[in-house]
$ cat protein22.tsv   # TSV, C-alpha atoms
chain	number	residue	atom	x	y	z
K	1	MET	CA	14.98	2.71	12.27
K	2	LEU	CA	15.93	4.53	9.08
K	3	LYS	CA	14.39	7.21	6.88
K	4	ALA	CA	15.11	8.56	3.42
K	5	VAL	CA	14.76	12.05	1.97
K	6	ILE	CA	14.61	12.64	-1.78
K	7	LEU	CA	15.31	16.22	-2.88
K	8	ILE	CA	13.11	16.85	-5.92
K	9	GLY	CA	13.75	20.58	-6.46
K	10	GLY	CA	11.10	22.72	-8.09
K	11	PRO	CA	9.88	24.18	-11.37
K	12	GLN	CA	12.49	26.95	-11.20
K	13	LYS	CA	15.13	24.22	-11.55
K	14	GLY	CA	15.64	21.79	-14.41
K	15	THR	CA	15.64	24.48	-17.11
K	16	ARG	CA	18.06	22.38	-19.18
K	17	PHE	CA	15.42	19.63	-19.14
K	18	ARG	CA	12.93	21.79	-20.99
K	19	PRO	CA	10.70	21.36	-22.94
K	20	LEU	CA	10.17	17.94	-21.33
K	21	SER	CA	9.58	19.43	-17.88
K	22	PHE	CA	6.79	21.68	-19.21
K	23	GLU	CA	4.40	18.73	-19.38
K	24	VAL	CA	5.31	16.82	-16.22
K	25	PRO	CA	7.43	17.62	-13.14
K	26	LYS	CA	10.99	16.54	-13.92
K	27	PRO	CA	11.10	13.96	-11.08
K	28	LEU	CA	8.13	12.17	-12.66
K	29	PHE	CA	9.60	12.00	-16.16
K	30	PRO	CA	9.73	8.31	-17.18
K	31	VAL	CA	13.22	6.84	-17.40
K	32	ALA	CA	13.40	3.16	-18.40
K	33	GLY	CA	9.62	2.92	-18.17
K	34	VAL	CA	9.01	4.31	-14.67
K	35	PRO	CA	9.11	7.81	-13.14
K	36	MET	CA	12.63	9.02	-12.45
K	37	ILE	CA	12.26	9.01	-8.65
K	38	GLN	CA	10.66	5.57	-8.57
K	39	HIS	CA	14.17	4.15	-8.99
K	40	HIS	CA	15.16	6.00	-5.81
K	41	ILE	CA	12.09	4.85	-3.88
K	42	GLU	CA	12.58	1.22	-4.94
K	43	ALA	CA	16.17	1.30	-3.68
K	44	CYS	CA	15.20	2.92	-0.36
K	45	ALA	CA	12.34	0.45	0.21
K	46	GLN	CA	14.78	-2.46	-0.04
K	47	VAL	CA	16.93	-1.23	2.87
K	48	PRO	CA	16.10	-3.20	6.05
K	49	GLY	CA	14.64	-0.95	8.73
K	50	MET	CA	13.38	1.74	6.33
K	51	GLN	CA	10.31	3.31	7.95
K	52	GLU	CA	9.47	6.38	5.87
K	53	ILE	CA	10.40	8.14	2.65
K	54	LEU	CA	10.04	11.93	2.44
K	55	LEU	CA	10.11	14.00	-0.74
K	56	ILE	CA	11.14	17.63	-0.25
K	57	GLY	CA	10.74	20.26	-2.95
K	58	PHE	CA	9.01	23.39	-4.22
K	59	TYR	CA	6.56	21.81	-6.66
K	60	GLN	CA	2.85	22.35	-6.15
K	61	PRO	CA	1.25	19.08	-4.99
K	62	ASP	CA	-0.72	18.66	-8.21
K	63	GLU	CA	-2.67	15.63	-9.41
K	64	PRO	CA	0.21	13.72	-11.09
K	65	LEU	CA	2.42	14.05	-8.00
K	66	THR	CA	-0.41	13.12	-5.62
K	67	ARG	CA	-1.35	10.13	-7.74
K	68	PHE	CA	2.27	8.97	-7.86
K	69	LEU	CA	2.66	9.22	-4.08
K	70	GLU	CA	-0.51	7.19	-3.49
K	71	ALA	CA	0.62	4.49	-5.91
K	72	ALA	CA	4.11	4.36	-4.36
K	73	GLN	CA	2.72	3.92	-0.87
K	74	GLN	CA	0.56	1.03	-2.00
K	75	GLU	CA	3.30	-0.66	-4.01
K	76	PHE	CA	6.05	-0.45	-1.40
K	77	ASN	CA	3.87	-0.59	1.73
K	78	LEU	CA	5.76	2.39	3.17
K	79	PRO	CA	4.72	5.95	4.08
K	80	VAL	CA	5.82	8.17	1.18
K	81	ARG	CA	5.08	11.83	1.88
K	82	TYR	CA	5.71	15.11	0.12
K	83	LEU	CA	6.85	18.15	2.11
K	84	GLN	CA	6.53	21.40	0.15
K	85	GLU	CA	9.00	24.18	0.86
K	86	PHE	CA	7.62	27.70	1.32
K	87	ALA	CA	10.35	28.93	-1.06
K	88	PRO	CA	13.25	27.28	-2.89
K	89	LEU	CA	15.67	26.53	-0.02
K	90	GLY	CA	18.64	24.94	-1.76
K	91	THR	CA	19.97	21.42	-1.24
K	92	GLY	CA	20.20	21.80	2.54
K	93	GLY	CA	17.53	24.33	3.47
K	94	GLY	CA	14.65	21.90	3.15
K	95	LEU	CA	16.43	19.38	5.39
K	96	TYR	CA	16.76	21.98	8.13
K	97	HIS	CA	13.27	23.43	7.66
K	98	PHE	CA	11.67	19.96	7.96
K	99	ARG	CA	14.11	18.68	10.60
K	100	ASP	CA	11.33	17.80	13.04
K	101	GLN	CA	9.59	15.64	10.43
K	102	ILE	CA	12.86	13.92	9.53
K	103	LEU	CA	13.82	13.20	13.15
K	104	ALA	CA	10.31	12.15	14.27
K	105	GLY	CA	10.45	8.66	15.70
K	106	GLY	CA	14.18	8.85	16.41
K	107	PRO	CA	15.82	7.41	13.27
K	108	GLU	CA	19.34	6.03	13.59
K	109	ALA	CA	20.26	7.82	10.35
K	110	PHE	CA	18.63	9.06	7.17
K	111	PHE	CA	19.55	8.85	3.52
K	112	VAL	CA	19.48	11.98	1.36
K	113	LEU	CA	19.23	11.49	-2.41
K	114	ASN	CA	19.10	14.06	-5.18
K	115	ALA	CA	16.28	13.25	-7.59
K	116	ASP	CA	18.30	14.01	-10.73
K	117	VAL	CA	20.86	11.22	-10.39
K	118	CYS	CA	20.85	7.75	-11.93
K	119	SER	CA	22.52	5.05	-9.86
K	120	ASP	CA	22.32	1.46	-8.69
K	121	PHE	CA	22.03	3.06	-5.22
K	122	PRO	CA	24.37	0.98	-3.01
K	123	LEU	CA	22.46	2.08	0.10
K	124	SER	CA	23.00	-1.11	2.11
K	125	ALA	CA	26.77	-0.87	1.54
K	126	MET	CA	26.68	2.77	2.68
K	127	LEU	CA	24.75	1.75	5.79
K	128	ASP	CA	27.32	-0.96	6.61
K	129	ALA	CA	30.14	1.58	6.23
K	130	TYR	CA	28.30	4.06	8.45
K	131	ARG	CA	27.70	1.51	11.19
K	132	HIS	CA	31.33	0.43	11.06
K	133	GLN	CA	32.53	4.03	11.39
K	134	PRO	CA	29.69	6.40	12.46
K	135	HIS	CA	30.12	10.06	11.50
K	136	PRO	CA	27.65	12.88	10.82
K	137	PHE	CA	28.11	12.86	7.03
K	138	LEU	CA	28.78	9.98	4.65
K	139	LEU	CA	28.95	10.87	0.94
K	140	LEU	CA	28.77	8.43	-1.96
K	141	GLY	CA	31.61	9.04	-4.38
K	142	THR	CA	32.74	7.67	-7.72
K	143	THR	CA	35.67	8.34	-10.02
K	144	ALA	CA	35.83	10.55	-13.09
K	145	ASN	CA	38.68	11.44	-15.41
K	146	ARG	CA	40.57	14.69	-14.92
K	147	THR	CA	38.61	16.56	-17.59
K	148	GLN	CA	35.11	15.59	-16.51
K	149	SER	CA	35.77	15.96	-12.78
K	150	LEU	CA	35.57	19.74	-13.22
K	151	ASN	CA	31.81	19.41	-13.82
K	152	TYR	CA	31.12	17.97	-10.36
K	153	GLY	CA	31.84	18.41	-6.68
K	154	CYS	CA	35.36	17.08	-6.13
K	155	ILE	CA	36.47	15.16	-3.03
K	156	VAL	CA	39.99	14.78	-1.67
K	157	GLU	CA	40.01	11.83	0.74
K	158	ASN	CA	42.40	10.19	3.16
K	159	PRO	CA	42.90	6.85	1.36
K	160	GLN	CA	43.31	4.97	4.66
K	161	THR	CA	40.38	6.37	6.66
K	162	HIS	CA	38.23	7.74	3.77
K	163	GLU	CA	37.80	11.03	5.60
K	164	VAL	CA	36.99	13.93	3.29
K	165	LEU	CA	39.93	16.32	3.66
K	166	HIS	CA	38.92	18.85	1.02
K	167	TYR	CA	35.74	19.49	-0.98
K	168	VAL	CA	35.33	21.88	-3.92
K	169	GLU	CA	32.14	22.27	-5.94
K	170	LYS	CA	32.89	22.42	-9.70
K	171	PRO	CA	36.49	23.61	-9.42
K	172	SER	CA	38.15	25.64	-12.16
K	173	THR	CA	41.26	23.44	-12.08
K	174	PHE	CA	41.82	19.76	-11.32
K	175	VAL	CA	41.39	18.88	-7.64
K	176	SER	CA	40.57	15.17	-7.49
K	177	ASP	CA	39.22	12.34	-9.61
K	178	ILE	CA	36.71	11.44	-6.87
K	179	ILE	CA	33.36	13.16	-7.43
K	180	ASN	CA	30.22	13.61	-5.36
K	181	CYS	CA	27.33	11.38	-6.48
K	182	GLY	CA	24.61	13.40	-4.72
K	183	ILE	CA	23.68	10.43	-2.50
K	184	TYR	CA	24.32	10.71	1.25
K	185	LEU	CA	23.76	9.06	4.61
K	186	PHE	CA	23.46	11.52	7.51
K	187	SER	CA	23.27	10.99	11.23
K	188	PRO	CA	20.84	13.15	13.25
K	189	GLU	CA	23.88	15.21	14.34
K	190	ALA	CA	24.32	16.32	10.72
K	191	LEU	CA	21.50	18.83	11.20
K	192	LYS	CA	23.54	20.84	13.73
K	193	PRO	CA	25.92	22.31	11.11
K	194	LEU	CA	22.85	23.20	9.04
K	195	ARG	CA	21.48	25.08	12.05
K	196	ASP	CA	24.79	26.95	12.32
K	197	VAL	CA	24.57	27.99	8.66
K	198	PHE	CA	20.93	29.09	9.13
K	199	GLN	CA	21.84	31.22	12.17
K	200	ARG	CA	24.81	32.73	10.35
K	201	ASN	CA	22.60	33.56	7.36
K	202	GLN	CA	20.11	35.16	9.72
K	203	GLN	CA	22.77	37.32	11.34
K	204	ASP	CA	24.19	38.35	7.97
K	205	GLY	CA	20.69	39.22	6.76
K	206	GLN	CA	19.90	41.30	9.82
K	207	LEU	CA	22.90	43.47	9.09
K	208	GLU	CA	21.27	44.30	5.75
K	209	ASP	CA	17.61	44.22	6.81
K	210	SER	CA	16.59	45.90	10.04
K	211	SER	CA	13.30	43.97	10.13
K	212	GLY	CA	15.21	40.83	11.15
K	213	LEU	CA	13.10	38.74	8.77
K	214	TRP	CA	15.56	38.15	5.97
K	215	PRO	CA	13.90	35.61	3.63
K	216	GLY	CA	17.21	34.15	2.41
K	217	ALA	CA	18.22	32.81	5.82
K	218	GLY	CA	16.64	29.43	5.10
K	219	THR	CA	18.60	28.87	1.89
K	220	ILE	CA	21.41	26.41	2.58
K	221	ARG	CA	23.69	24.84	0.00
K	222	LEU	CA	24.94	21.50	1.28
K	223	GLU	CA	27.92	21.47	-1.04
K	224	GLN	CA	29.33	24.96	-0.49
K	225	ASP	CA	27.98	25.87	2.96
K	226	VAL	CA	28.49	22.52	4.70
K	227	PHE	CA	30.78	20.10	2.87
K	228	SER	CA	33.41	22.66	1.89
K	229	ALA	CA	33.34	24.25	5.36
K	230	LEU	CA	33.56	21.00	7.36
K	231	ALA	CA	36.02	19.07	5.20
K	232	GLY	CA	39.12	18.04	7.14
K	233	GLN	CA	37.40	18.28	10.54
K	234	GLY	CA	36.67	14.57	11.00
K	235	GLN	CA	32.93	14.90	10.27
K	236	ILE	CA	32.62	13.98	6.58
K	237	TYR	CA	33.58	10.64	5.05
K	238	VAL	CA	33.21	9.14	1.58
K	239	HIS	CA	32.12	5.69	0.44
K	240	LEU	CA	33.36	4.87	-3.06
K	241	THR	CA	31.32	2.92	-5.58
K	242	ASP	CA	32.19	1.46	-8.96
K	243	GLY	CA	28.53	0.94	-9.88
K	244	ILE	CA	26.52	2.82	-12.49
K	245	TRP	CA	26.05	6.55	-11.98
K	246	SER	CA	25.18	9.66	-13.96
K	247	GLN	CA	23.35	12.94	-13.59
K	248	ILE	CA	20.05	13.63	-15.34
K	249	LYS	CA	20.20	17.28	-16.34
K	250	SER	CA	18.97	17.24	-19.96
K	251	ALA	CA	17.23	15.15	-22.59
K	252	GLY	CA	20.52	13.59	-23.64
K	253	SER	CA	21.34	12.55	-20.10
K	254	ALA	CA	17.83	11.08	-19.69
K	255	LEU	CA	18.49	8.75	-22.63
K	256	TYR	CA	21.86	7.80	-21.15
K	257	ALA	CA	20.24	7.11	-17.76
K	258	SER	CA	17.55	5.04	-19.47
K	259	ARG	CA	20.29	2.92	-21.04
K	260	LEU	CA	21.96	2.39	-17.67
K	261	TYR	CA	18.71	1.45	-15.91
K	262	LEU	CA	17.63	-0.91	-18.71
K	263	GLY	CA	20.97	-2.67	-18.37
K	264	GLN	CA	20.50	-2.83	-14.62
K	265	TYR	CA	17.09	-4.49	-15.11
K	266	GLN	CA	18.93	-7.64	-16.16
K	267	LEU	CA	19.75	-8.06	-12.46
K	268	THR	CA	17.00	-6.17	-10.65
K	269	HIS	CA	13.83	-6.37	-12.78
K	270	PRO	CA	14.19	-8.90	-15.61
K	271	GLU	CA	10.38	-9.00	-15.83
K	272	ARG	CA	10.40	-5.42	-17.16
K	273	LEU	CA	12.50	-6.32	-20.21
K	274	ALA	CA	10.76	-7.37	-23.40
K	275	LYS	CA	11.53	-10.83	-24.77
K	276	HIS	CA	11.54	-11.92	-28.38
K	277	THR	CA	8.49	-14.10	-28.98
K	278	PRO	CA	7.12	-15.81	-32.10
K	279	GLY	CA	4.86	-13.41	-33.93
K	280	GLY	CA	6.14	-10.44	-31.90
K	281	PRO	CA	8.52	-7.60	-32.77
K	282	ARG	CA	12.23	-8.28	-33.07
K	283	ILE	CA	13.98	-7.29	-29.82
K	284	ARG	CA	17.65	-6.35	-29.85
K	285	GLY	CA	19.26	-5.74	-26.47
K	286	ASN	CA	17.41	-4.16	-23.55
K	287	VAL	CA	13.90	-2.90	-24.35
K	288	TYR	CA	10.98	-1.89	-22.13
K	289	ILE	CA	7.45	-2.04	-23.60
K	290	HIS	CA	4.45	-0.89	-21.55
K	291	PRO	CA	1.73	-3.58	-21.44
K	292	THR	CA	-0.78	-1.24	-23.13
K	293	ALA	CA	1.48	-0.42	-26.10
K	294	LYS	CA	0.67	-1.90	-29.51
K	295	VAL	CA	3.76	-2.93	-31.45
K	296	ALA	CA	3.61	-4.43	-34.97
K	297	PRO	CA	5.38	-7.78	-35.38
K	298	SER	CA	7.65	-6.49	-38.15
K	299	ALA	CA	9.06	-3.67	-35.99
K	300	VAL	CA	12.68	-3.88	-34.84
K	301	LEU	CA	13.30	-2.43	-31.38
K	302	GLY	CA	16.52	-1.83	-29.51
K	303	PRO	CA	18.94	-1.63	-28.07
K	304	ASN	CA	18.03	0.71	-25.24
K	305	VAL	CA	14.45	1.60	-26.05
K	306	SER	CA	11.61	2.49	-23.69
K	307	ILE	CA	8.03	2.52	-25.00
K	308	GLY	CA	5.36	4.14	-22.83
K	309	GLU	CA	1.68	3.66	-22.13
K	310	GLY	CA	-0.71	3.57	-25.08
K	311	VAL	CA	2.01	3.93	-27.73
K	312	THR	CA	1.39	2.57	-31.24
K	313	VAL	CA	4.36	1.29	-33.27
K	314	GLY	CA	3.54	0.49	-36.88
K	315	GLU	CA	4.84	-2.09	-39.35
K	316	GLY	CA	8.50	-1.94	-40.31
K	317	VAL	CA	9.45	0.66	-37.69
K	318	ARG	CA	13.10	0.80	-36.60
K	319	LEU	CA	13.59	2.21	-33.11
K	320	ARG	CA	16.91	2.49	-31.29
K	321	GLU	CA	18.34	4.45	-28.32
K	322	SER	CA	15.05	6.29	-27.77
K	323	ILE	CA	12.22	6.99	-25.34
K	324	VAL	CA	8.66	7.02	-26.72
K	325	LEU	CA	6.24	8.69	-24.34
K	326	HIS	CA	2.56	8.10	-23.53
K	327	GLY	CA	0.16	8.05	-26.47
K	328	ALA	CA	2.69	8.60	-29.26
K	329	THR	CA	2.30	6.98	-32.69
K	330	LEU	CA	5.11	5.82	-34.95
K	331	GLN	CA	3.59	5.13	-38.35
K	332	GLU	CA	4.76	2.50	-40.81
K	333	HIS	CA	8.46	2.22	-41.71
K	334	THR	CA	9.64	5.15	-39.62
K	335	CYS	CA	13.21	5.17	-38.31
K	336	VAL	CA	13.75	6.83	-34.91
K	337	LEU	CA	17.26	7.03	-33.41
K	338	HIS	CA	18.58	8.92	-30.34
K	339	THR	CA	15.26	10.68	-29.85
K	340	ILE	CA	12.62	11.39	-27.22
K	341	VAL	CA	9.19	11.25	-28.86
K	342	GLY	CA	6.82	13.46	-26.86
K	343	TRP	CA	3.40	12.70	-25.41
K	344	GLY	CA	0.78	12.18	-28.12
K	345	SER	CA	3.21	12.93	-30.95
K	346	THR	CA	2.99	11.30	-34.37
K	347	VAL	CA	5.91	10.39	-36.61
K	348	GLY	CA	4.64	9.99	-40.19
K	349	ARG	CA	5.27	6.93	-42.34
K	350	TRP	CA	8.74	6.57	-43.87
K	351	ALA	CA	10.05	9.48	-41.79
K	352	ARG	CA	13.54	9.37	-40.27
K	353	VAL	CA	14.21	11.17	-36.98
K	354	GLU	CA	17.77	11.08	-35.69
K	355	GLY	CA	19.36	12.98	-32.83
K	356	THR	CA	23.02	13.38	-31.95
K	357	PRO	CA	24.28	10.83	-29.39
K	358	ASN	CA	25.33	12.65	-26.25
K	359	ASP	CA	26.37	10.47	-23.32
K	360	PRO	CA	27.35	12.34	-20.11
K	361	ASN	CA	29.73	9.61	-18.95
K	362	PRO	CA	32.03	11.08	-16.25
K	363	ASN	CA	34.81	8.71	-17.32
K	364	ASP	CA	34.72	9.65	-21.00
K	365	PRO	CA	37.01	12.64	-21.63
K	366	ARG	CA	35.14	13.39	-24.88
K	367	ALA	CA	31.70	13.39	-23.25
K	368	HIS	CA	29.69	16.58	-23.28
K	369	MET	CA	28.10	17.35	-19.91
K	370	ASP	CA	25.01	19.03	-21.32
K	371	SER	CA	25.71	22.30	-19.54
K	372	GLU	CA	24.54	24.41	-22.46
K	373	SER	CA	21.05	25.33	-23.57
K	374	LEU	CA	19.49	23.99	-26.76
K	375	PHE	CA	20.30	27.21	-28.61
K	376	LYS	CA	23.44	29.36	-28.84
K	377	ASP	CA	23.83	32.53	-30.90
K	378	GLY	CA	20.48	31.80	-32.52
K	379	LYS	CA	21.58	28.35	-33.69
K	380	LEU	CA	20.26	24.96	-32.60
K	381	LEU	CA	23.10	22.95	-31.06
K	382	PRO	CA	23.56	19.28	-31.97
K	383	ALA	CA	21.66	17.29	-29.34
K	384	ILE	CA	19.11	14.60	-28.75
K	385	THR	CA	16.03	15.23	-30.88
K	386	ILE	CA	12.90	16.05	-28.87
K	387	LEU	CA	9.52	15.84	-30.56
K	388	GLY	CA	7.10	17.99	-28.59
K	389	MET	CA	3.70	17.07	-27.25
K	390	ALA	CA	1.09	16.32	-29.93
K	391	SER	CA	3.45	17.37	-32.72
$ encode --input "protein22.tsv" --output "C-alpha cells"
Amino acid sequence: MLKAVILIGGPQKGTRFRPLSFEVPKPLFPVAGVPMIQHHIEACAQVPGMQEILLIGFYQPDEPLTRFLEAAQQEFNLPVRYLQEFAPLGTGGGLYHFRDQILAGGPEAFFVLNADVCSDFPLSAMLDAYRHQPHPFLLLGTTANRTQSLNYGCIVENPQTHEVLHYVEKPSTFVSDIINCGIYLFSPEALKPLRDVFQRNQQDGQLEDSSGLWPGAGTIRLEQDVFSALAGQGQIYVHLTDGIWSQIKSAGSALYASRLYLGQYQLTHPERLAKHTPGGPRIRGNVYIHPTAKVAPSAVLGPNVSIGEGVTVGEGVRLRESIVLHGATLQEHTCVLHTIVGWGSTVGRWARVEGTPNDPNPNDPRAHMDSESLFKDGKLLPAITILGMAS
C-alpha cells in the first residue's frame, strides 16, 4: 500500500506568481490545459498500489479547491483529500503535523511532491529503487550546469551507492551539478527525524517563551533541517532522472512548464493535442484547445499554445508560446507571443502583444531563474507579458 502527499503551500507563498495567483490558488492555475497539480495527481494515480492522495497546505478550502478535489476523486477513483495547516508549517511541518493521517492504514512508503514543479514524475522508477535499497529518504535529482545549480538544493552523492553525502540549499558557491527536484519517496521511519526537529524547536522556543507554547515549533524545513543535517549518515539517497523537470515560480516558468507538458502529451495524452483538420485553424506543433473554445479557421496556433474554456479566437489571429485563460477574447488579426492572457481579457483587433521569452532551464547557463519581482527601481523588468483579468 502506498500514499502520496502533495505540498501546495498557501497564499503567503507564490508572490512571484502574482498577479496570476490573485484570481485562483497557484496550484490550480492551468498549465497545458489542466490545473497545475492535476499533473501530479495523474502521475500518482498510475502507481500500482496507490491508495490515497493527500494535499497539505494553508489555503482556505474554498469553492474552486473543493470542486477540483471532487472532480479528481471521480476521475481517478481514488480518495483525494485536503488537509489544512493551522499555520504555514514549512515543507516538513505539515508532514509531521498530519503524520497520523499519512500513516493510517500502514503504507509501505509515501511520495512527497512539491506542487510548484513540472516533471514527467518517474514515480514507478523511484519505487523500484526504493524497494531494491530501502532507506528512510529517497530524493529525485537531476543535473544542472554549474551556474544554474546555485539556484537549487545541491546534492553530493556517492556515485556507487547513490547515498547523499552532502546537501546544501541554494549554495553561494558551486557544490554539485546534481540538484533536488522536490519529489521524494519516504518510508514511515522518515517521520522520526521530523519529530526530533519538532522537539528541538520546542525546547529552543521554551528557552525564549516561558509559556512553553512556542508557535514556531511546528515549522520544519525539509531541506535545511532534515536533508542537510542527515546527509552522510546512510539515511538519504538520490535517484537521478534525465526526464523533463522545471520549477514553476513565475509567469515565465509557467509558460516553460506548459511547453514541457504539451511535448509530454505526445506520449501520455495525445488526445489532448489539437490536430489540423480541414476547415479548422492551422496547428503548428503542440497545441491544446478546450472543447468549448471557438477558434476561427484562419487562425494560426502554435507551437506551445494552451487555450482555455470559453475562449474566442478571431479570424487571422497568430498565437504562439502563450496561455489564454478562461473566457478571454482575441479579436481579428491580433498577434500574441510569449504572453499569458488573463481571465475574461480582450485583445483588440490588429493588436500585437509580445513578452520576453524567459525559460528557466537548469541546464542553460544563460537562463534567468525568475528570482526577481516584476519591478525593480520603479522600472518594469523584461518578462512574460501578463494581461490581467477583464482587461
$ atom_distance --input "protein22.tsv" --atom1 "CA of Leu127 in chain K" --atom2 "CA of Tyr265 in chain K"
23.1 Å
$ closest_residue --input "protein22.tsv" --among "K:Gly355, K:Pro171, K:Gly310, K:Pro122" --to "His239 in chain K" --atoms "all atoms listed in the file"
K:Pro122
$ residues_around --input "protein22.tsv" --residues "range 223-238 of chain K" --least-positions-apart "5" --cutoff "9 Å" --atoms "all atoms listed in the file" --output "list in words"
Thr91, Gly92, His135, Pro136, Phe137, Leu138, Leu139, Leu140, Gly141, Gly153, Ile155, Glu157, Thr161, His162, Glu163, Val164, Leu165, His166, Tyr167, Val168, Glu169, Asn180, Ala190, Pro193, Leu194 and Val197 of chain K
$ write_last_selection --input "protein22.tsv" --atoms "C-alpha atoms" --output "PDB file, in the frame of the given file"
ATOM      1  CA  THR K  91      19.970  21.420  -1.240  1.00  0.00           C
ATOM      2  CA  GLY K  92      20.200  21.800   2.540  1.00  0.00           C
ATOM      3  CA  HIS K 135      30.120  10.060  11.500  1.00  0.00           C
ATOM      4  CA  PRO K 136      27.650  12.880  10.820  1.00  0.00           C
ATOM      5  CA  PHE K 137      28.110  12.860   7.030  1.00  0.00           C
ATOM      6  CA  LEU K 138      28.780   9.980   4.650  1.00  0.00           C
ATOM      7  CA  LEU K 139      28.950  10.870   0.940  1.00  0.00           C
ATOM      8  CA  LEU K 140      28.770   8.430  -1.960  1.00  0.00           C
ATOM      9  CA  GLY K 141      31.610   9.040  -4.380  1.00  0.00           C
ATOM     10  CA  GLY K 153      31.840  18.410  -6.680  1.00  0.00           C
ATOM     11  CA  ILE K 155      36.470  15.160  -3.030  1.00  0.00           C
ATOM     12  CA  GLU K 157      40.010  11.830   0.740  1.00  0.00           C
ATOM     13  CA  THR K 161      40.380   6.370   6.660  1.00  0.00           C
ATOM     14  CA  HIS K 162      38.230   7.740   3.770  1.00  0.00           C
ATOM     15  CA  GLU K 163      37.800  11.030   5.600  1.00  0.00           C
ATOM     16  CA  VAL K 164      36.990  13.930   3.290  1.00  0.00           C
ATOM     17  CA  LEU K 165      39.930  16.320   3.660  1.00  0.00           C
ATOM     18  CA  HIS K 166      38.920  18.850   1.020  1.00  0.00           C
ATOM     19  CA  TYR K 167      35.740  19.490  -0.980  1.00  0.00           C
ATOM     20  CA  VAL K 168      35.330  21.880  -3.920  1.00  0.00           C
ATOM     21  CA  GLU K 169      32.140  22.270  -5.940  1.00  0.00           C
ATOM     22  CA  ASN K 180      30.220  13.610  -5.360  1.00  0.00           C
ATOM     23  CA  ALA K 190      24.320  16.320  10.720  1.00  0.00           C
ATOM     24  CA  PRO K 193      25.920  22.310  11.110  1.00  0.00           C
ATOM     25  CA  LEU K 194      22.850  23.200   9.040  1.00  0.00           C
ATOM     26  CA  VAL K 197      24.570  27.990   8.660  1.00  0.00           C
TER      27      VAL K 197
END
$ closest_residue --input "protein22.tsv" --among "K:Thr241, K:Thr329, K:Ser253, K:Gln74" --to "Thr143 in chain K" --atoms "all atoms listed in the file"
K:Thr241
$ closest_residue --input "protein22.tsv" --among "K:Thr268, K:Gln101, K:Ser345, K:Thr334" --to "Glu42 in chain K" --atoms "only C-alpha atoms"
K:Thr268
$ atom_distance --input "protein22.tsv" --atom1 "CA of Tyr184 in chain K" --atom2 "CA of Pro61 in chain K"
25.3 Å
$ residues_near_point --input "protein22.tsv" --point "(39.3, 26.1, -12.8)" --cutoff "12 Å" --atoms "all atoms listed in the file" --output "PDB file with C-alpha atoms, keeping the file's coordinate frame"
ATOM      1  CA  ARG K 146      40.570  14.690 -14.920  1.00  0.00           C
ATOM      2  CA  THR K 147      38.610  16.560 -17.590  1.00  0.00           C
ATOM      3  CA  GLN K 148      35.110  15.590 -16.510  1.00  0.00           C
ATOM      4  CA  SER K 149      35.770  15.960 -12.780  1.00  0.00           C
ATOM      5  CA  LEU K 150      35.570  19.740 -13.220  1.00  0.00           C
ATOM      6  CA  ASN K 151      31.810  19.410 -13.820  1.00  0.00           C
ATOM      7  CA  TYR K 152      31.120  17.970 -10.360  1.00  0.00           C
ATOM      8  CA  CYS K 154      35.360  17.080  -6.130  1.00  0.00           C
ATOM      9  CA  VAL K 168      35.330  21.880  -3.920  1.00  0.00           C
ATOM     10  CA  GLU K 169      32.140  22.270  -5.940  1.00  0.00           C
ATOM     11  CA  LYS K 170      32.890  22.420  -9.700  1.00  0.00           C
ATOM     12  CA  PRO K 171      36.490  23.610  -9.420  1.00  0.00           C
ATOM     13  CA  SER K 172      38.150  25.640 -12.160  1.00  0.00           C
ATOM     14  CA  THR K 173      41.260  23.440 -12.080  1.00  0.00           C
ATOM     15  CA  PHE K 174      41.820  19.760 -11.320  1.00  0.00           C
ATOM     16  CA  VAL K 175      41.390  18.880  -7.640  1.00  0.00           C
TER      17      VAL K 175
END
$ atom_distance --input "protein22.tsv" --atom1 "CA of Leu330 in chain K" --atom2 "CA of Glu354 in chain K"
13.7 Å
